[in-house]
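Encoded as structure tokens, the structure appears first; notes follow it.
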Amino acid sequence: MLVREENTIPAEFKDKVEVVKGDVLNKADVEKTIQGVDGVVIVLGTRNDTKPTTMLSEGTKNIIEAMKKEGLKKFSACMSSFLLMPADKVPPVFHGLNADHQRMLDAIKSSGLEYRAVLPPHIANEPSAPFQTLHDKSPGRSISKYDLGKFFIDCLEMEEHSGKVIGIATIK
């Protein structure tokens, strides 16, 4: 797991993951992180910063490049469910950030790799619950962070999601 700050890893996971402290914009950090792995999960974020950025798309490009170098094929990636909405329906505060999510999705789709583009709505700090996935549309308004995290891993072995844009949400 490549992280900028180790204190962002929840205590219950610290002994379950191998941590590499670094920056997704640094190609050497990315290459070091993916050596010896079977698959990749891309979850990049800006915390609460909604200003325009290129960090998400540039970091994704670095990961894709490193995966190709390492001979890896499968990955899942997290982007905003705003990509499933008409652009004029996205709240203006998110336009710049959403543009980078679109650049990220474009890079993923053109990668030639076996991607699963996962577009969750609100990620809730709630217990696990039944959820639904749909291709190219959102099935709801929120998803448990526990279900989403598990899905990022599980979907790597679900061929029905290979090369797809996946909406995911808790069944209400």
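Labels used: A, B, ... for chains in the order of the structure tokens, numbers from 1 for residues in each chain, and numbers from 1 for ligands as shown.
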
**Asked** Which residues come within 10 Å of Met55 in chain A, counting only C-alpha atoms, excluding same-chain residues fewer than 4 positions away, as a VMD selection string?
**Response** chain A and resid 24 to 25 44 to 46 59 to 61 97 100 to 101 104

**Message:** List as an NGL selection string the protein and nucleic acid residues near Lys150 in chain A, meaning an atom at most 12 Å away when only C-alpha atoms are counted, but skip any in the same chain fewer than 5 places from it.
**Reply:** :A and (41 or 76 or 128-129 or 131 or 143-145 or 155-156)

**Complete:** With distances taken over only C-alpha atoms, the candidate from A:Gln35, A:Thr8, A:Asn26, A:Thr50 nearest Ala99 in chain A is A:Thr50

**Prompt:** Hey, which of A:Gly71, A:Pro120, A:Gly140, A:Gly22 ends up closest to Val37 in chain A? Count only C-alpha atoms.
**Reply:**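 The shortest atom-to-atom distance to Val37 in chain A comes from A:Gly71.
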
**Message:** Residues within 9 Å of Val43 in chain A, please, as a PyMOL selection string. Count only C-alpha atoms; anything in the same chain fewer than 3 positions from it doesn't count.
**Reply:** chain A and resi 76-79

File of the preceding selection, C-alpha atoms, as a PDB file, in the first residue's frame:
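File part00.pdb, as written:
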ATOM      1  CA  SER A  76      -9.639  -1.800  -9.976  1.00  0.00           C
ATOM      2  CA  ALA A  77      -9.850   1.942  -9.567  1.00  0.00           C
ATOM      3  CA  CYS A  78     -12.045   4.305  -7.581  1.00  0.00           C
ATOM      4  CA  MET A  79     -13.510   7.414  -9.158  1.00  0.00           C
TER       5      MET A  79
END

**Near-Leu134 in chain A list (8 Å; only C-alpha atoms; drop same-chain fewer than 4 positions) as number ranges by chain** = A: 138-139, 166-168

**Message:** For a test of reading the model, state the distance in Å between CA of Leu119 in chain A and CA of Ser142 in chain A, rounded to one decimal.
**Reply:**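 These two atoms are separated by 10.9 Å.
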
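Ranking A:Arg141, A:His135, A:Lys109, A:Lys27 by their shortest atom-to-atom distance to His122 in chain A, with only C-alpha atoms included, puts A:Arg141 first.
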
**Message:** Report, in Å with one decimal, the straight-line distance from CA of Pro127 in chain A to CA of Ile171 in chain A.
**Reply:** 12.9 Å

**Item:** alpha helix (DSSP H) residues, from DSSP on the backbone, in chain A, as a PyMOL selection string
**Value:** chain A and resi 27-34+55-70+95-109+145-154

**Item:** Point-to-point distance in Å for CA of Lys51 in chain A and CA of Asn7 in chain A
**Value:**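 Value for the CA of Asn7 in chain A-CA of Lys51 in chain A distance: 23.5 Å.
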
**Prompt:** With only C-alpha atoms as the atoms that count, which of A:Glu5, A:Asp29, A:Asp136, A:Glu114 lies nearest to Ile63 in chain A?
**Reply:**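 Of A:Glu5, A:Asp29, A:Asp136, A:Glu114, the one nearest Ile63 in chain A is A:Asp29, counting only C-alpha atoms.
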
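If only C-alpha atoms are the atoms counted, then among A:Arg47, A:Asp15, A:Ile34, A:Thr53 the closest residue to Gly96 in chain A is A:Thr53.
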
**Request:** Extract, using only C-alpha atoms, all DNA, RNA and protein residues at most 10 Å from Lys74 in chain A, discarding same-chain residues fewer than 5 positions from it, and format them as a ChimeraX atom specification.
**Result:** /A:38-41,67,113-116,155-157,162-163

**Message:** Calculated over only C-alpha atoms, which of the candidates A:Ser111, A:Lys32, A:Phe75, A:Asp23 has the smallest distance to His161 in chain A?
**Reply:**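 The shortest atom-to-atom distance to His161 in chain A comes from A:Phe75.
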
**Request:** List every residue of range 35-114 of chain A that DSSP, applied to the backbone of this structure, assigns to strand (DSSP E), and report them as an MDAnalysis selection string.
**Result:** chainID A and resid 40:42 74:78 114

Selection above as a file: C-alpha atoms, as a PDB file, in the first residue's frame:
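Result saved to part-v7.pdb:
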ATOM      1  CA  VAL A  40      -3.607  -3.361  -8.072  1.00  0.00           C
ATOM      2  CA  VAL A  41      -6.327  -1.273  -6.434  1.00  0.00           C
ATOM      3  CA  ILE A  42      -6.162   2.452  -7.173  1.00  0.00           C
ATOM      4  CA  LYS A  74      -5.664  -6.564 -13.462  1.00  0.00           C
ATOM      5  CA  PHE A  75      -6.645  -3.517 -11.487  1.00  0.00           C
ATOM      6  CA  SER A  76      -9.639  -1.800  -9.976  1.00  0.00           C
ATOM      7  CA  ALA A  77      -9.850   1.942  -9.567  1.00  0.00           C
ATOM      8  CA  CYS A  78     -12.045   4.305  -7.581  1.00  0.00           C
ATOM      9  CA  GLU A 114      -8.002  -5.466 -17.435  1.00  0.00           C
TER      10      GLU A 114
END
